[in-house]
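Colleague: This is model_26.txt, which holds compact mmCIF, C-alpha atoms:
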# COMPACT_ATOMS: atom_id res chain seq x y z
CA MET A 110 174.25 37.09 65.55
CA SER A 111 171.38 35.48 63.65
CA LEU A 112 173.83 34.68 60.85
CA ILE A 113 176.10 32.83 63.28
CA SER A 114 173.12 30.92 64.63
CA ARG A 115 172.26 29.82 61.11
CA TYR A 116 175.86 28.83 60.38
CA LEU A 117 176.26 26.76 63.56
CA GLU A 118 172.92 25.08 62.91
CA ASP A 119 173.96 24.27 59.35
CA ASN A 120 177.01 22.61 60.85
CA GLY A 121 175.17 20.42 63.33
CA ILE A 122 175.03 22.61 66.46
CA PRO A 123 171.51 23.43 67.71
CA THR A 124 171.18 27.06 68.81
CA VAL A 125 168.86 29.35 70.72
CA VAL A 126 169.02 33.09 70.13
CA ALA A 127 167.88 35.10 73.17
CA ALA A 128 167.04 38.58 71.95
CA SER A 129 164.87 41.66 72.28
CA ALA A 130 164.90 42.89 68.67
CA ARG A 131 162.32 40.39 67.47
CA ASP A 132 161.79 41.79 63.97
CA ILE A 133 165.51 41.86 63.15
CA VAL A 134 166.04 38.23 64.21
CA GLU A 135 162.86 36.98 62.53
CA THR A 136 163.65 38.81 59.30
CA CYS A 137 166.97 37.01 59.11
CA GLY A 138 165.32 33.80 60.23
CA VAL A 139 166.76 31.57 62.97
CA PRO A 140 165.85 28.09 64.19
CA ARG A 141 164.87 29.08 67.75
CA LEU A 142 164.27 32.56 69.15
CA LEU A 143 163.54 33.31 72.79
CA PHE A 144 162.09 36.80 72.70
CA THR A 145 161.91 39.08 75.73
CA ASP A 146 160.11 42.36 75.12
CA PHE A 147 162.64 44.58 76.88
CA PRO A 148 164.71 47.61 75.84
CA LEU A 149 167.84 46.61 73.92
CA GLY A 150 170.52 45.52 76.37
CA ASN A 151 168.94 43.01 78.75
CA PRO A 152 167.54 40.08 76.75
CA CYS A 153 168.48 37.70 79.60
CA GLY A 154 166.52 39.52 82.29
CA GLU A 155 166.37 42.86 84.07
CA PRO A 156 169.53 44.01 85.82
CA GLY A 157 169.52 42.76 89.39
CA ASP A 158 166.51 40.47 88.97
CA VAL A 159 168.20 37.12 89.49
CA ALA A 160 164.96 35.16 89.77
CA GLN A 161 163.80 36.49 86.40
CA GLN A 162 167.19 35.80 84.82
CA ARG A 163 166.92 32.20 86.04
CA ARG A 164 163.46 31.85 84.51
CA ILE A 165 164.69 33.18 81.17
CA ALA A 166 167.73 30.88 81.18
CA ALA A 167 165.43 27.95 82.00
CA MET A 168 163.07 28.90 79.14
CA ALA A 169 166.03 29.00 76.75
CA MET A 170 166.90 25.43 77.74
CA GLU A 171 163.27 24.34 77.33
CA LEU A 172 163.24 25.83 73.85
CA PHE A 173 166.12 23.56 72.80
CA GLU A 174 163.89 20.63 73.75
CA SER A 175 160.50 21.82 72.56
CA ALA A 176 161.20 23.34 69.14
CA ASP A 177 160.59 20.88 66.35
CA ARG A 178 160.92 23.20 63.36
CA PRO A 179 162.86 26.30 62.31
CA ARG A 180 161.52 29.83 62.99
CA THR A 181 160.20 28.75 66.37
CA THR A 182 159.72 31.94 68.39
CA GLN A 183 158.85 31.77 72.06
CA GLN A 184 158.10 34.91 74.05
CA THR A 185 158.95 35.11 77.74
CA PRO A 186 156.06 36.37 79.92
CA PHE A 187 157.92 39.32 81.39
CA GLN A 188 157.12 43.02 81.15
CA TRP A 189 159.64 45.78 81.72
CA SER A 190 159.23 46.82 85.35
CA LYS A 191 159.21 50.54 84.55
CA GLY A 192 156.43 50.20 81.98
CA ASP A 193 156.36 50.36 78.20
CA GLY A 194 157.08 54.08 77.83
CA TRP A 195 160.52 53.31 76.40
CA LYS A 196 158.86 51.79 73.33
CA SER A 197 157.44 55.07 72.07
CA ARG A 198 160.71 56.94 72.72
CA VAL A 199 163.36 54.59 71.38
CA PHE A 200 164.90 55.70 68.07
CA THR A 201 162.88 58.92 67.82
CA GLN A 202 164.15 62.39 67.07
CA GLU A 203 162.83 63.49 70.48
CA GLN A 204 165.22 61.12 72.21
CA PRO A 205 168.58 60.67 70.48
CA TRP A 206 169.83 57.08 70.51
CA GLN A 207 173.28 58.17 71.60
CA THR A 208 174.80 61.24 73.19
CA PRO A 209 177.10 63.18 70.84
CA GLU A 210 180.20 61.84 72.65
CA ILE A 211 179.06 58.26 72.42
CA LYS A 212 178.00 58.67 68.82
CA ASN A 213 181.47 59.95 67.97
CA ALA A 214 183.12 57.01 69.72
CA TRP A 215 180.86 54.69 67.77
CA LEU A 216 181.65 56.39 64.48
CA GLU A 217 185.37 56.10 65.25
CA LYS A 218 185.01 52.37 65.80
CA LYS A 219 183.15 52.05 62.52
CA ALA A 220 185.83 54.04 60.69
CA LEU A 221 188.52 51.83 62.18
CA TYR A 222 186.69 48.76 60.98
CA ARG A 223 186.42 50.24 57.50
CA LYS A 224 190.14 50.97 57.44
CA LEU A 225 190.95 47.38 58.38
CA LYS A 226 188.54 46.15 55.75
CA ASP A 227 190.23 48.27 53.09
CA LYS A 228 193.54 46.74 54.09
CA GLY A 229 191.99 43.45 53.10
CA GLY A 230 191.95 41.99 56.57
CA ALA A 231 188.50 42.36 58.00
CA MET B 158 151.78 47.42 73.70
CA SER B 159 153.18 45.55 70.72
CA TYR B 160 156.90 45.05 70.32
CA VAL B 161 159.12 47.65 68.63
CA ARG B 162 159.78 47.19 64.91
CA TYR B 163 163.44 48.18 64.91
CA ILE B 164 163.97 47.84 61.17
CA ASP B 165 161.31 50.47 60.41
CA ARG B 166 162.12 52.60 63.43
CA THR B 167 165.88 52.82 62.85
CA SER B 168 165.43 53.34 59.14
CA ALA B 169 163.24 56.42 59.79
CA TYR B 170 165.61 57.60 62.53
CA TYR B 171 168.74 57.49 60.40
CA ARG B 172 166.95 58.96 57.40
CA ALA B 173 166.11 61.98 59.56
CA GLU B 174 169.79 62.08 60.58
CA GLY B 175 170.71 62.47 56.92
CA TYR B 176 171.63 58.90 55.97
CA ASP B 177 169.85 58.22 52.70
CA LYS B 178 170.52 54.53 52.29
CA PRO B 179 168.79 52.35 54.87
CA TYR B 180 170.79 49.46 56.33
CA GLN B 181 170.00 46.24 54.55
CA TRP B 182 169.20 43.71 57.26
CA ALA B 183 169.83 40.09 56.40
CA GLU B 184 166.75 38.31 55.11
CA PHE B 185 166.37 34.64 54.18
CA ASP B 186 163.50 32.40 53.16
CA GLU B 187 165.20 29.19 54.21
CA VAL B 188 166.15 28.54 57.82
CA PRO B 189 168.30 25.57 58.88
CA PHE B 190 167.31 23.34 61.78
CA THR B 191 169.30 20.73 63.70
CA PRO B 192 167.45 18.68 66.34
CA LEU B 193 169.10 17.98 69.67
CA LYS B 194 171.45 15.03 69.38
CA LYS B 195 171.45 14.11 73.06
CA PRO B 196 169.71 15.14 76.25
CA LEU B 197 170.55 18.61 77.55
CA ALA B 198 171.90 16.99 80.71
CA GLU B 199 174.63 15.44 78.58
CA SER B 200 175.20 18.45 76.32
CA ARG B 201 177.97 21.00 76.50
CA LEU B 202 176.77 24.54 75.89
CA ALA B 203 178.73 27.49 74.47
CA LEU B 204 177.76 31.12 75.02
CA VAL B 205 178.18 33.61 72.15
CA SER B 206 177.72 37.35 72.65
CA THR B 207 177.85 40.59 70.67
CA SER B 208 177.94 42.67 73.84
CA GLU B 209 181.64 43.54 73.40
CA ILE B 210 182.22 41.68 76.64
CA ALA B 211 185.63 42.32 78.19
CA SER B 212 187.45 41.55 81.42
CA ARG B 213 188.94 44.18 83.72
CA ALA B 214 191.71 41.65 84.40
CA TRP B 215 192.97 41.75 80.82
CA ALA B 216 196.28 43.59 80.50
CA ASP B 217 194.87 45.35 77.44
CA GLN B 218 191.23 46.30 77.85
CA ARG B 219 190.74 46.98 74.17
CA LEU B 220 189.03 44.46 71.95
CA PRO B 221 191.05 43.04 69.03
CA LEU B 222 189.43 45.45 66.60
CA GLU B 223 190.25 48.44 68.79
CA ARG B 224 193.89 47.29 68.83
CA GLY B 225 193.89 47.36 65.04
CA GLU B 226 193.73 43.58 64.66
CA VAL B 227 191.41 42.11 62.11
CA ALA B 228 190.01 39.47 64.46
CA ASN B 229 186.31 39.91 65.08
CA VAL B 230 185.93 36.87 67.31
CA TYR B 231 187.71 36.58 70.65
CA PRO B 232 187.58 34.10 73.54
CA VAL B 233 186.33 34.85 77.04
CA ALA B 234 186.98 32.25 79.74
CA THR B 235 183.66 31.34 81.33
CA ASP B 236 185.31 30.90 84.73
CA THR B 237 186.28 34.58 84.75
CA PRO B 238 184.87 36.06 87.98
CA VAL B 239 181.72 37.86 86.89
CA GLU B 240 182.82 40.99 88.80
CA GLU B 241 185.68 41.32 86.31
CA LEU B 242 183.43 41.25 83.26
CA TYR B 243 181.86 44.29 81.66
CA SER B 244 180.52 45.40 78.30
CA ARG B 245 182.21 47.93 76.04
CA THR B 246 179.29 48.32 73.68
CA HIS B 247 177.42 51.56 73.02
CA SER B 248 174.69 49.74 71.12
CA TYR B 249 171.97 49.39 73.72
CA ASP B 250 169.06 51.50 74.91
CA MET B 251 170.98 53.69 77.32
CA ASN B 252 167.93 55.90 77.83
CA ALA B 253 165.99 52.98 79.27
CA THR B 254 168.48 50.69 80.97
CA THR B 255 172.09 49.84 81.86
CA LEU B 256 174.54 47.02 81.24
CA ASP B 257 175.76 47.08 84.84
CA ASP B 258 174.52 43.54 85.50
CA VAL B 259 176.51 41.24 83.22
CA ASN B 260 174.03 38.41 83.64
CA SER B 261 171.31 40.51 82.04
CA PHE B 262 173.05 40.08 78.66
CA PHE B 263 175.92 37.58 79.18
CA PRO B 264 174.27 35.00 81.44
CA VAL B 265 177.42 33.20 82.46
CA THR B 266 176.46 32.80 86.13
CA ARG B 267 172.96 31.58 85.23
CA LEU B 268 174.43 28.99 82.84
CA ALA B 269 177.00 27.85 85.40
CA GLU B 270 174.07 27.32 87.78
CA LEU B 271 172.30 25.18 85.18
CA ALA B 272 175.44 23.10 84.75
CA ALA B 273 175.87 22.74 88.53
CA ALA B 274 172.24 21.61 88.80
CA GLY B 275 172.75 19.04 86.04
CA ARG B 276 170.23 20.68 83.69
CA ILE B 277 172.98 20.90 81.07
CA GLY B 278 176.03 18.67 80.90
CA SER B 279 178.51 21.52 81.13
CA LEU B 280 179.24 25.09 80.19
CA ALA B 281 182.08 25.20 77.66
CA PRO B 282 185.28 26.74 79.09
CA THR B 283 185.30 29.34 76.33
CA ALA B 284 182.61 31.85 75.45
CA TYR B 285 182.90 33.92 72.27
CA GLY B 286 182.71 37.63 71.89
CA VAL B 287 181.81 38.65 68.36
CA TYR B 288 182.24 42.22 67.26
CA ASN B 289 179.49 43.63 65.03
CA ALA B 290 181.17 43.59 61.64
CA TYR B 291 178.56 45.48 59.61
CA SER B 292 179.27 42.92 56.88
CA LYS B 293 177.28 39.78 56.22
CA ASN B 294 180.10 38.30 54.13
CA LYS B 295 182.57 38.83 56.93
CA THR B 296 180.22 37.39 59.55
CA LEU B 297 179.46 34.29 57.49
CA GLY B 298 182.86 33.88 55.84
CA THR B 299 185.19 34.46 58.79
CA ASP B 300 183.49 34.99 62.14
CA ALA B 301 181.00 32.14 62.12
CA PRO B 302 183.61 29.54 61.04
CA GLU B 303 185.89 30.78 63.82
CA VAL B 304 183.14 30.29 66.42
CA LEU B 305 182.43 26.84 64.96
CA ARG B 306 186.12 25.89 65.12
CA GLY B 307 186.30 26.87 68.79
CA CYS B 308 183.10 24.99 69.55
CA SER B 309 184.39 21.86 67.79
CA GLU B 310 187.67 21.98 69.70
CA GLU B 311 185.83 22.00 73.02
CA GLY B 312 183.23 19.39 72.07
CA VAL B 313 180.33 21.82 72.17
CA ASP B 314 176.89 20.34 71.46
CA ILE B 315 174.61 23.39 71.68
CA ALA B 316 175.00 27.17 71.68
CA LEU B 317 173.15 30.09 73.25
CA LEU B 318 173.58 33.29 71.26
CA VAL B 319 172.75 36.64 72.81
CA PRO B 320 172.77 39.80 70.73
CA VAL B 321 172.61 43.04 72.71
Let me see the file written as structure tokens.
Modeller:
Amino acid sequence: MSLISRYLEDNGIPTVVAASARDIVETCGVPRLLFTDFPLGNPCGEPGDVAQQRRIAAMAMELFESADRPRTTQQTPFQWSKGDGWKSRVFTQEQPWQTPEIKNAWLEKKALYRKLKDKGGA
Amino acid sequence: MSYVRYIDRTSAYYRAEGYDKPYQWAEFDEVPFTPLKKPLAESRLALVSTSEIASRAWADQRLPLERGEVANVYPVATDTPVEELYSRTHSYDMNATTLDDVNSFFPVTRLAELAAAGRIGSLAPTAYGVYNAYSKNKTLGTDAPEVLRGCSEEGVDIALLVPV
């Protein structure tokens, strides 16, 4: 997604990336990043919290206006309502990222992509 | 507590799973920057998402890739009733959260509100779903130009990109 941000920006379209994987986006380097320190999946606000989602959407718009140089990162002020415990568990051997069924489905999708790529399409 | 360093964390995780070669995340020194050309209130905004967003109203629920097509970019009408939208991705922290609320990752209702309030000029009729291609060349060579072409056709001025 960061690559697409860079491409659009190169072609005259200002972008904001709203994300929760700060290091991945900043390593690639984008013009404007709105970072929310949440588990992967809800970078636009917690499920069901409409007021918070509105604040985050508003901050994304403000970032279009306020950023005056590339690599501008702004962090939203929100903390995950159930605490930060997820941070020490995510991507650890104690807590598998995916269930075996879901991992298999994911691997199948990846294999399909590879097949299409070998055909010269993707 | 500081934020999670996913590059280090996932690299260690997949090494323990038996994958020897860590994924090479894109890394650049130079970053482009385009200033706003006009006020937000006059700008048309496009939404771009890697959430594998899909609509229950589609005759075929599968994404182009799952149908065996090579297309990695597909359109989603932003006036689709939000109740019909859902995500097909498995790439989120399912131990910590859910994707049950579409606006938590594909903020189409929130953006429509901003357009209705006049904060932005309009929300572009088409949003773009982009499938994770696991290929920087593919993303930059094919997918990004396709998103740009769609944006140009609809007179898009600015874009909000949301990776899941």
Colleague: I need the residue nearest Thr145 (chain A) from this list: B:Glu310, B:Asn229, B:Ser261, B:Tyr243. Use all atoms listed in the file for the distance.
Modeller: B:Ser261
Colleague: Quick one: everything within 9 Å of Arg164 (chain A), counting all atoms listed in the file, minus sequence neighbours fewer than 4 positions away in the same chain. Send it as a list of chain:residue names.
Modeller: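 Selected residues are A:Gly154, A:Val159, A:Ala160, A:Met168, A:Ala169, A:Thr185.
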Colleague: Between B:Ala203, B:Arg224, B:Ile277, B:Tyr291, which has the minimum distance to Leu117 (chain A) (counting only C-alpha atoms)?
Modeller: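 Closest candidate: B:Ala203.
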Colleague: Residues near Thr124 (chain A), anyone? I mean within 10 Å using all atoms listed in the file, not counting same-chain ones fewer than 5 positions away, as a list of chain:residue names.
Modeller: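 Everything that qualifies: A:Ser111, A:Ile113, A:Ser114, A:Arg115, A:Tyr116, A:Leu117, A:Glu118, A:Val139, A:Pro140, A:Arg141, A:Leu142, A:Ala169, A:Leu172, A:Phe173, B:Phe190, B:Thr191, B:Pro192, B:Leu193, B:Leu202, B:Ala203, B:Leu204, B:Asp314, B:Ile315, B:Ala316, B:Leu317, B:Leu318.
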Colleague: Just give me the gap between CA of Cys308 (chain B) and CA of Pro156 (chain A) in Å, one decimal is fine.
Modeller: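 Answer for the CA of Cys308 (chain B) to CA of Pro156 (chain A) separation: 28.5 Å.
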Colleague: Contacts of Glu303 (chain B) at 12 Å or less, counting all atoms listed in the file, minus same-chain residues fewer than 2 places along, as a PyMOL selection string?
Modeller: (chain A and resi 113+116-117) or (chain B and resi 205+228-232+285-287+295-301+305-310)
Colleague: Taking (191.2, 47.7, 66.0) in the file's coordinates, which residues come within 12 Å, counting only C-alpha atoms, written as a ChimeraX atom specification?
Modeller: /A:217-226,230-231 /B:218-229,288,290
Colleague: Could you check the closest approach to chain A for each of B:Glu270, B:Glu174, B:Asp250, B:Asp236 and tell me which residue wins, using only C-alpha atoms?
Modeller: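 Once distances to chain A are computed over only C-alpha atoms, the minimum belongs to B:Asp250.
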Colleague: From the options B:Arg245, B:Pro238, B:Gly278, B:Thr266, which residue's atoms come nearest to Leu197 (chain B), counting only C-alpha atoms?
Modeller: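 Ranked by minimum distance to Leu197 (chain B), first place goes to B:Gly278.
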Colleague: Using only C-alpha atoms, pick whichever of A:Leu216, A:Thr201, A:Ser190, A:Gln183 has the shortest atom-to-atom distance to chain B.
Modeller: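 Ranked by minimum distance to chain B, first place goes to A:Thr201.
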Colleague: When you draw a straight line from CA of Ala216 (chain B) to CA of Thr255 (chain B), how long is it in Å?
Modeller: 25.0 Å
Colleague: Between A:Gln202, A:Ser175, A:Thr182, A:Gln188, which residue has the minimum interatomic distance to chain B, considering all atoms listed in the file?
Modeller: A:Gln202
Colleague: Can you pull out every residue within 9 Å of Pro282 (chain B), counting only C-alpha atoms, but drop anything in the same chain fewer than 3 positions away, and send it as a ChimeraX atom specification?
Modeller: /B:203,233-236,279,311
Colleague: Within 8 Å of region 159-168 of chain B, counting only C-alpha atoms, which residues show up once you throw out same-chain ones fewer than 6 positions away? Write them as an mmCIF file with C-alpha atoms, in the coordinates of the input, please.
Modeller:
data_model
loop_
_atom_site.group_PDB
_atom_site.id
_atom_site.type_symbol
_atom_site.label_atom_id
_atom_site.label_comp_id
_atom_site.auth_asym_id
_atom_site.auth_seq_id
_atom_site.Cartn_x
_atom_site.Cartn_y
_atom_site.Cartn_z
ATOM 1 C CA ALA A 130 164.900 42.890 68.670
ATOM 2 C CA ARG A 131 162.320 40.390 67.470
ATOM 3 C CA ASP A 132 161.790 41.790 63.970
ATOM 4 C CA ILE A 133 165.510 41.860 63.150
ATOM 5 C CA ASP A 146 160.110 42.360 75.120
ATOM 6 C CA LYS A 196 158.860 51.790 73.330
ATOM 7 C CA PHE A 200 164.900 55.700 68.070
ATOM 8 C CA THR A 201 162.880 58.920 67.820
ATOM 9 C CA PRO B 179 168.790 52.350 54.870
ATOM 10 C CA TYR B 180 170.790 49.460 56.330
ATOM 11 C CA TRP B 182 169.200 43.710 57.260
#
Colleague: Box in all listed atoms of region 252-268 of chain B, axis-aligned, with 4 Å more on each side; write out centre and edge lengths in Å to one decimal as AutoDock Vina command-line options.
Modeller:
--center_x 171.7 --center_y 42.4 --center_z 82.0 --size_x 19.4 --size_y 34.9 --size_z 16.3
